[in-house]
Amino acid sequence: MWRRDSAQQETDMTKLSETARDKLPAKAFAEPDKRAYPIEDKAHARNAKARATQAVKAGRMSKAEQGKIDKKADAVLKS
């Protein structure tokens with residue numbers, strides 16, 4: 001039987017249902033006005049940084065916007 005090691009389990013994001021996402025406060029998002037890029041835990045913060053990088057490379061986001069998301073996500077990662 002295949003098992004994940006403990007390091008992999010720490011990096012897994014929990015499934016965020018629509019109902020749970022709707023209940024999150026605005027401060028749980030890197031872009032609270034759009035309620036985009038949830039950063040309620042470290043796994044989601046890492047994911048937000050990665051998605052912002054992809055958006056910049058695709059031309060959908062400015063570097064300034066990415067910087068704001070990274071700053072908020074970094075605060076979660078340091079805690």
# chains A, B, ... in the order shown; residues from 1 in each chain; ligands from 1
>>> residues_around(residues="Glu65 of chain A", least_positions_apart="4", cutoff="9 Å", atoms="only C-alpha atoms", output="PyMOL selection string")
chain A and resi 31+52+56+61+69-70
>>> write_last_selection(atoms="N, CA and C atoms", output="PDB file, in the first residue's frame")
ATOM      1  N   GLU A  31      -5.610  39.054  -2.052  1.00  0.00           N
ATOM      2  CA  GLU A  31      -6.340  40.133  -2.726  1.00  0.00           C
ATOM      3  C   GLU A  31      -7.747  40.178  -2.135  1.00  0.00           C
ATOM      4  N   ALA A  52       0.467  33.604  -8.570  1.00  0.00           N
ATOM      5  CA  ALA A  52       0.767  34.987  -8.935  1.00  0.00           C
ATOM      6  C   ALA A  52       1.928  35.036  -9.924  1.00  0.00           C
ATOM      7  N   VAL A  56       1.799  36.600 -13.765  1.00  0.00           N
ATOM      8  CA  VAL A  56       2.722  37.619 -14.284  1.00  0.00           C
ATOM      9  C   VAL A  56       3.336  37.129 -15.594  1.00  0.00           C
ATOM     10  N   MET A  61      -1.160  39.793 -14.825  1.00  0.00           N
ATOM     11  CA  MET A  61      -0.959  40.493 -13.557  1.00  0.00           C
ATOM     12  C   MET A  61       0.328  41.306 -13.646  1.00  0.00           C
ATOM     13  N   ILE A  69       0.892  40.356  -3.299  1.00  0.00           N
ATOM     14  CA  ILE A  69       0.493  38.992  -2.953  1.00  0.00           C
ATOM     15  C   ILE A  69       1.637  38.271  -2.249  1.00  0.00           C
ATOM     16  N   ASP A  70       2.842  38.399  -2.794  1.00  0.00           N
ATOM     17  CA  ASP A  70       4.005  37.754  -2.185  1.00  0.00           C
ATOM     18  C   ASP A  70       4.243  38.239  -0.765  1.00  0.00           C
TER      19      ASP A  70
END
>>> closest_atom_pairs(of="segment 17-70 of chain A", to="segment 74-77 of chain A", cutoff="8 Å", atoms="only C-alpha atoms", output="JSON lines")
{"residue": "A:Ile39", "atom": "CA", "partner": "A:Val76", "partner_atom": "CA", "distance": 7.1}
{"residue": "A:Glu40", "atom": "CA", "partner": "A:Val76", "partner_atom": "CA", "distance": 7.7}
{"residue": "A:Asp41", "atom": "CA", "partner": "A:Val76", "partner_atom": "CA", "distance": 6.8}
{"residue": "A:Lys42", "atom": "CA", "partner": "A:Leu77", "partner_atom": "CA", "distance": 5.3}
{"residue": "A:Ala45", "atom": "CA", "partner": "A:Val76", "partner_atom": "CA", "distance": 6.6}
{"residue": "A:Arg46", "atom": "CA", "partner": "A:Leu77", "partner_atom": "CA", "distance": 7.7}
{"residue": "A:Asp70", "atom": "CA", "partner": "A:Asp74", "partner_atom": "CA", "distance": 5.8}
>>> write_last_selection(atoms="C-alpha atoms", output="mmCIF file, in the first residue's frame")
data_model
loop_
_atom_site.group_PDB
_atom_site.id
_atom_site.type_symbol
_atom_site.label_atom_id
_atom_site.label_comp_id
_atom_site.auth_asym_id
_atom_site.auth_seq_id
_atom_site.Cartn_x
_atom_site.Cartn_y
_atom_site.Cartn_z
ATOM 1 C CA ILE A 39 -3.726 32.434 2.263
ATOM 2 C CA GLU A 40 -5.337 30.968 5.378
ATOM 3 C CA ASP A 41 -2.481 28.476 5.876
ATOM 4 C CA LYS A 42 1.084 27.911 4.689
ATOM 5 C CA ALA A 45 0.207 30.882 0.867
ATOM 6 C CA ARG A 46 2.794 28.947 -1.167
ATOM 7 C CA ASP A 70 4.005 37.754 -2.185
#
>>> closest_residue(among="A:Arg51, A:Lys71, A:Ala43, A:Pro38", to="Ser17 of chain A", atoms="only C-alpha atoms")
A:Pro38
>>> closest_residue(among="A:Asp12, A:Ala48, A:Arg60, A:Tyr37", to="Leu24 of chain A", atoms="only C-alpha atoms")
A:Tyr37
>>> select_by_dssp(residues="chain A", states="strand (DSSP E or B)", output="ChimeraX atom specification")
/A:29-31,36-38
>>> atom_distance(atom1="atom CA of Ala36 of chain A", atom2="atom CA of Asp22 of chain A")
11.2 Å
>>> closest_residue(among="A:Lys72, A:His44, A:Gly59, A:Glu18", to="Pro32 of chain A", atoms="only C-alpha atoms")
A:Lys72
>>> atom_distance(atom1="atom CA of Gly67 of chain A", atom2="atom CA of Met13 of chain A")
22.4 Å
>>> select_by_dssp(residues="chain A", states="helix (DSSP H, G or I)", output="PyMOL selection string")
chain A and resi 6-11+18-23+26-28+42-57+63-78
>>> write_last_selection(atoms="N, CA and C atoms", output="compact mmCIF listing (two decimals), in the first residue's frame")
# COMPACT_ATOMS: atom_id res chain seq x y z
N SER A 6 5.63 12.04 5.87
CA SER A 6 5.15 13.16 6.68
C SER A 6 5.49 14.51 6.04
N ALA A 7 6.60 14.63 5.34
CA ALA A 7 6.96 15.89 4.69
C ALA A 7 5.93 16.23 3.61
N GLN A 8 5.48 15.23 2.87
CA GLN A 8 4.48 15.48 1.83
C GLN A 8 3.16 15.91 2.45
N GLN A 9 2.79 15.32 3.57
CA GLN A 9 1.53 15.68 4.21
C GLN A 9 1.53 17.12 4.68
N GLU A 10 2.68 17.64 5.10
CA GLU A 10 2.77 19.02 5.57
C GLU A 10 2.56 20.02 4.43
N THR A 11 2.87 19.64 3.21
CA THR A 11 2.76 20.57 2.09
C THR A 11 1.43 20.45 1.35
N GLU A 18 -16.50 25.70 -1.38
CA GLU A 18 -17.05 27.02 -1.67
C GLU A 18 -17.66 27.63 -0.41
N THR A 19 -18.32 26.82 0.37
CA THR A 19 -18.94 27.31 1.61
C THR A 19 -17.87 27.79 2.59
N ALA A 20 -16.82 27.00 2.76
CA ALA A 20 -15.74 27.39 3.67
C ALA A 20 -15.03 28.64 3.17
N ARG A 21 -14.82 28.73 1.85
CA ARG A 21 -14.17 29.91 1.27
C ARG A 21 -15.01 31.16 1.51
N ASP A 22 -16.33 31.03 1.35
CA ASP A 22 -17.22 32.17 1.55
C ASP A 22 -17.21 32.65 3.00
N LYS A 23 -16.92 31.75 3.94
CA LYS A 23 -16.90 32.11 5.35
C LYS A 23 -15.58 32.74 5.79
N ALA A 26 -11.99 38.59 4.89
CA ALA A 26 -11.23 39.21 3.79
C ALA A 26 -9.73 39.14 4.02
N LYS A 27 -9.30 39.22 5.29
CA LYS A 27 -7.86 39.19 5.58
C LYS A 27 -7.23 37.84 5.28
N ALA A 28 -8.03 36.82 5.01
CA ALA A 28 -7.51 35.49 4.68
C ALA A 28 -7.18 35.38 3.20
N LYS A 42 -0.18 27.85 5.43
CA LYS A 42 1.08 27.91 4.69
C LYS A 42 0.99 27.28 3.30
N ALA A 43 0.27 26.19 3.18
CA ALA A 43 0.14 25.54 1.87
C ALA A 43 -0.56 26.46 0.88
N HIS A 44 -1.62 27.13 1.32
CA HIS A 44 -2.33 28.06 0.44
C HIS A 44 -1.47 29.29 0.14
N ALA A 45 -0.67 29.73 1.11
CA ALA A 45 0.21 30.88 0.87
C ALA A 45 1.24 30.55 -0.21
N ARG A 46 1.83 29.36 -0.13
CA ARG A 46 2.79 28.95 -1.17
C ARG A 46 2.11 28.87 -2.53
N ASN A 47 0.90 28.36 -2.54
CA ASN A 47 0.15 28.24 -3.79
C ASN A 47 -0.18 29.63 -4.36
N ALA A 48 -0.53 30.56 -3.49
CA ALA A 48 -0.85 31.92 -3.95
C ALA A 48 0.37 32.56 -4.63
N LYS A 49 1.54 32.35 -4.03
CA LYS A 49 2.76 32.89 -4.64
C LYS A 49 3.02 32.27 -6.02
N ALA A 50 2.82 30.97 -6.11
CA ALA A 50 3.05 30.28 -7.39
C ALA A 50 2.05 30.74 -8.45
N ARG A 51 0.78 30.87 -8.07
CA ARG A 51 -0.24 31.30 -9.03
C ARG A 51 0.01 32.74 -9.48
N ALA A 52 0.47 33.60 -8.57
CA ALA A 52 0.77 34.99 -8.94
C ALA A 52 1.93 35.04 -9.92
N THR A 53 2.93 34.21 -9.70
CA THR A 53 4.07 34.15 -10.62
C THR A 53 3.60 33.72 -12.01
N GLN A 54 2.75 32.72 -12.06
CA GLN A 54 2.21 32.26 -13.34
C GLN A 54 1.42 33.36 -14.03
N ALA A 55 0.63 34.11 -13.26
CA ALA A 55 -0.18 35.18 -13.84
C ALA A 55 0.69 36.29 -14.43
N VAL A 56 1.80 36.60 -13.77
CA VAL A 56 2.72 37.62 -14.28
C VAL A 56 3.34 37.13 -15.59
N LYS A 57 3.80 35.88 -15.61
CA LYS A 57 4.42 35.33 -16.82
C LYS A 57 3.43 35.28 -17.98
N LYS A 63 3.75 43.17 -12.01
CA LYS A 63 4.75 42.83 -11.00
C LYS A 63 4.38 43.47 -9.66
N ALA A 64 3.77 44.64 -9.69
CA ALA A 64 3.37 45.32 -8.45
C ALA A 64 2.30 44.50 -7.72
N GLU A 65 1.33 43.99 -8.46
CA GLU A 65 0.30 43.14 -7.85
C GLU A 65 0.92 41.87 -7.28
N GLN A 66 1.83 41.29 -8.01
CA GLN A 66 2.51 40.08 -7.54
C GLN A 66 3.27 40.39 -6.24
N GLY A 67 3.91 41.54 -6.19
CA GLY A 67 4.65 41.92 -4.99
C GLY A 67 3.75 42.00 -3.76
N LYS A 68 2.55 42.53 -3.94
CA LYS A 68 1.60 42.62 -2.82
C LYS A 68 1.17 41.23 -2.35
N ILE A 69 0.89 40.36 -3.30
CA ILE A 69 0.49 38.99 -2.95
C ILE A 69 1.64 38.27 -2.25
N ASP A 70 2.84 38.40 -2.79
CA ASP A 70 4.00 37.75 -2.19
C ASP A 70 4.24 38.24 -0.77
N LYS A 71 4.08 39.55 -0.54
CA LYS A 71 4.30 40.11 0.79
C LYS A 71 3.32 39.53 1.80
N LYS A 72 2.05 39.45 1.43
CA LYS A 72 1.04 38.90 2.33
C LYS A 72 1.26 37.41 2.55
N ALA A 73 1.60 36.69 1.49
CA ALA A 73 1.84 35.26 1.62
C ALA A 73 3.09 35.00 2.46
N ASP A 74 4.11 35.81 2.29
CA ASP A 74 5.34 35.65 3.08
C ASP A 74 5.07 35.83 4.58
N ALA A 75 4.17 36.73 4.92
CA ALA A 75 3.82 36.94 6.33
C ALA A 75 3.20 35.67 6.93
N VAL A 76 2.40 34.97 6.14
CA VAL A 76 1.79 33.72 6.61
C VAL A 76 2.87 32.63 6.71
N LEU A 77 3.77 32.61 5.76
CA LEU A 77 4.82 31.58 5.75
C LEU A 77 5.81 31.76 6.90
N LYS A 78 6.01 32.98 7.36
CA LYS A 78 6.93 33.24 8.47
C LYS A 78 6.32 32.95 9.83
